[in-house]
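Data from start.pdb: PDB, C-alpha atoms
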```
ATOM      1  CA  MET W   1      -4.017   0.682   4.525
ATOM      2  CA  ILE W   2      -1.586   3.326   5.572
ATOM      3  CA  GLY W   3      -0.397   6.189   3.396
ATOM      4  CA  HIS W   4      -1.361   7.399  -0.035
ATOM      5  CA  GLU W   5      -2.901   5.348  -2.820
ATOM      6  CA  PRO W   6      -0.016   3.956  -4.909
ATOM      7  CA  GLU W   7      -1.691   5.026  -8.166
ATOM      8  CA  ARG W   8      -5.016   6.398  -9.331
ATOM      9  CA  ALA W   9      -7.433   3.711 -10.519
ATOM     10  CA  PRO W  10      -9.023   4.352 -13.908
ATOM     11  CA  PRO W  11     -12.774   5.006 -14.113
ATOM     12  CA  TYR W  12     -14.824   1.845 -13.543
ATOM     13  CA  ALA W  13     -16.915   0.179 -16.221
ATOM     14  CA  PRO W  14     -18.288  -3.380 -16.025
ATOM     15  CA  ASP W  15     -16.256  -4.440 -19.076
ATOM     16  CA  TRP W  16     -13.037  -2.616 -18.088
ATOM     17  CA  ALA W  17     -10.802  -5.670 -18.426
ATOM     18  CA  GLU W  18     -12.319  -6.907 -21.672
ATOM     19  CA  ALA W  19     -12.099  -3.416 -23.219
ATOM     20  CA  ALA W  20      -8.408  -3.077 -22.382
ATOM     21  CA  SER W  21      -5.634  -4.962 -24.084
ATOM     22  CA  GLY W  22      -3.409  -7.331 -22.126
ATOM     23  CA  GLU W  23      -3.759  -7.951 -18.387
ATOM     24  CA  PRO W  24      -4.388  -4.547 -16.725
ATOM     25  CA  LEU W  25      -5.115  -5.937 -13.230
ATOM     26  CA  ALA W  26      -2.093  -8.256 -13.285
ATOM     27  CA  ASP W  27       0.071  -5.413 -14.606
ATOM     28  CA  ALA W  28      -1.043  -3.121 -11.762
ATOM     29  CA  ALA W  29      -0.448  -5.889  -9.203
ATOM     30  CA  ALA W  30       3.045  -6.450 -10.606
ATOM     31  CA  ARG W  31       3.830  -2.766 -10.026
ATOM     32  CA  HIS W  32       2.818  -2.854  -6.339
ATOM     33  CA  LEU W  33       2.938  -6.435  -5.043
ATOM     34  CA  VAL W  34       5.624  -9.086  -4.893
ATOM     35  CA  ALA W  35       5.016 -12.212  -6.974
ATOM     36  CA  ILE W  36       5.184 -15.433  -4.970
ATOM     37  CA  ASP W  37       5.447 -19.052  -5.997
ATOM     38  CA  ARG W  38       2.222 -20.607  -7.275
ATOM     39  CA  ASP W  39       1.952 -23.054  -4.378
ATOM     40  CA  ALA W  40       3.390 -20.819  -1.666
ATOM     41  CA  TYR W  41       0.380 -18.601  -0.989
ATOM     42  CA  ARG W  42      -0.791 -18.212   2.588
ATOM     43  CA  GLU W  43      -3.314 -16.254   4.633
ATOM     44  CA  GLY W  44      -3.195 -12.548   3.806
ATOM     45  CA  ASP W  45      -1.812 -12.956   0.277
ATOM     46  CA  VAL W  46      -3.605 -11.385  -2.663
ATOM     47  CA  VAL W  47      -4.652 -13.687  -5.491
ATOM     48  CA  LEU W  48      -5.799 -12.622  -8.950
ATOM     49  CA  PHE W  49      -7.983 -14.801 -11.090
ATOM     50  CA  ARG W  50     -10.124 -15.035 -14.176
ATOM     51  CA  TRP W  51     -13.432 -16.835 -14.563
ATOM     52  CA  ARG W  52     -12.695 -17.977 -18.129
ATOM     53  CA  ASN W  53      -9.380 -18.901 -19.732
ATOM     54  CA  ASN W  54      -9.867 -16.529 -22.685
ATOM     55  CA  LEU W  55     -10.454 -13.460 -20.484
ATOM     56  CA  PRO W  56      -7.949 -11.336 -18.558
ATOM     57  CA  ALA W  57      -7.690 -11.578 -14.773
ATOM     58  CA  LYS W  58     -10.502  -9.385 -13.489
ATOM     59  CA  HIS W  59     -10.914 -10.463  -9.879
ATOM     60  CA  ALA W  60      -8.789 -10.191  -6.761
ATOM     61  CA  ALA W  61      -9.222 -11.839  -3.394
ATOM     62  CA  ILE W  62      -7.380 -12.151  -0.101
ATOM     63  CA  VAL W  63      -6.504 -15.667   1.044
ATOM     64  CA  THR W  64      -8.102 -16.410   4.418
ATOM     65  CA  SER W  65      -7.209 -20.130   4.658
ATOM     66  CA  ALA W  66      -6.044 -23.029   2.488
ATOM     67  CA  GLY W  67      -9.577 -23.360   1.117
ATOM     68  CA  THR W  68     -11.177 -19.937   1.484
ATOM     69  CA  MET W  69     -10.830 -16.339   0.365
ATOM     70  CA  ALA W  70     -12.379 -12.929   1.021
ATOM     71  CA  HIS W  71     -13.859 -11.704  -2.244
ATOM     72  CA  ALA W  72     -16.561  -9.368  -3.518
ATOM     73  CA  HIS W  73     -18.282  -9.127  -6.863
ATOM     74  CA  ASP W  74     -21.027  -7.084  -8.465
ATOM     75  CA  GLY W  75     -24.298  -7.431  -6.610
ATOM     76  CA  ALA W  76     -22.811  -9.077  -3.509
ATOM     77  CA  ALA W  77     -21.121  -7.954  -0.340
ATOM     78  CA  VAL W  78     -17.573  -8.851   0.624
ATOM     79  CA  ALA W  79     -17.759 -12.389   1.951
ATOM     80  CA  GLU W  80     -15.538 -15.311   2.787
ATOM     81  CA  SER W  81     -16.100 -18.057   0.261
ATOM     82  CA  ARG W  82     -14.558 -21.288  -0.931
ATOM     83  CA  TRP W  83     -12.062 -21.351  -3.789
ATOM     84  CA  PRO W  84     -13.761 -21.526  -7.190
ATOM     85  CA  ARG W  85     -14.190 -24.953  -8.746
ATOM     86  CA  GLY W  86     -10.806 -26.163  -9.912
ATOM     87  CA  GLY W  87      -9.071 -24.653  -6.893
ATOM     88  CA  ALA W  88      -6.135 -22.333  -7.136
ATOM     89  CA  GLY W  89      -4.648 -24.145 -10.140
ATOM     90  CA  GLY W  90      -6.305 -21.927 -12.736
ATOM     91  CA  TRP W  91      -5.259 -18.649 -11.166
ATOM     92  CA  PRO W  92      -2.681 -16.667 -13.114
ATOM     93  CA  MET W  93      -0.989 -14.772 -10.314
ATOM     94  CA  ARG W  94      -0.480 -14.730  -6.592
ATOM     95  CA  SER W  95       1.128 -11.789  -4.884
ATOM     96  CA  GLY W  96       2.301 -10.893  -1.436
ATOM     97  CA  PHE W  97       2.621  -7.448   0.051
ATOM     98  CA  PRO W  98       6.131  -5.987   0.107
ATOM     99  CA  GLU W  99       7.832  -6.234   3.504
TER     100      GLU W  99
END
```

As structure tokens, the full file:
Amino acid sequence: MIGHEPERAPPYAPDWAEAASGEPLADAAARHLVAIDRDAYREGDVVLFRWRNNLPAKHAAIVTSAGTMAHAHDGAAVAESRWPRGGAGGWPMRSGFPE
């Protein structure tokens, strides 16, 4: 990335999203990314998702193809992987970078 960080990230804790109220990751994305239509995502777009319907979005990935994403999670390196079971349909937000 080029330039300064758009905002300071809060201190990390494994339960950061569950401990907060609302959707802190989606709220931050809405401040810095441009929302795009649910079915209009393409390579390079950022997607946010949750692993369970009752939890806030806690994960972000970069779309690398129609069926894959670059994503990292605790205990694993950044890797290209397939969309989670259920595909992109359960993901609450997709965002593109501002032009």

(message) Quick check on the file I pasted: which residues fall under the PyMOL selection byres ((chain W and resi 58-60) around 7)? Write them as a count of residues only.
(response) 11

(message) Measuring between all atoms listed in the file, which one of W:Ala79, W:Pro24, W:Ala13, W:Glu18 shows the shortest distance to W:Asn54?
(response)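 Under the stated criterion, the closest residue is W:Glu18.
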
(request) Measure the distance from atom CA of W:Leu55 to atom CA of W:Thr68 in Å and round it to one decimal. (result) 22.9 Å

(request) Report the residues retrieved by the PyMOL selection byres ((chain W and resi 42) around 8) from the displayed file, expressed as a list in words. (result) Ala40, Tyr41, Glu43, Gly44, Asp45, Val63, Thr64, Ser65 and Ala66 of chain W

(request) Using atom CA of W:Tyr12 and atom CA of W:Ala26 as the two end points, give the distance in Å to one decimal. (result)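 A separation of 16.3 Å between them.
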
(message) Quick check, in Å to one decimal: how far apart do atom CA of W:Ser81 and atom CA of W:Ile62 lie?
(response)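 So the answer is 10.5 Å.
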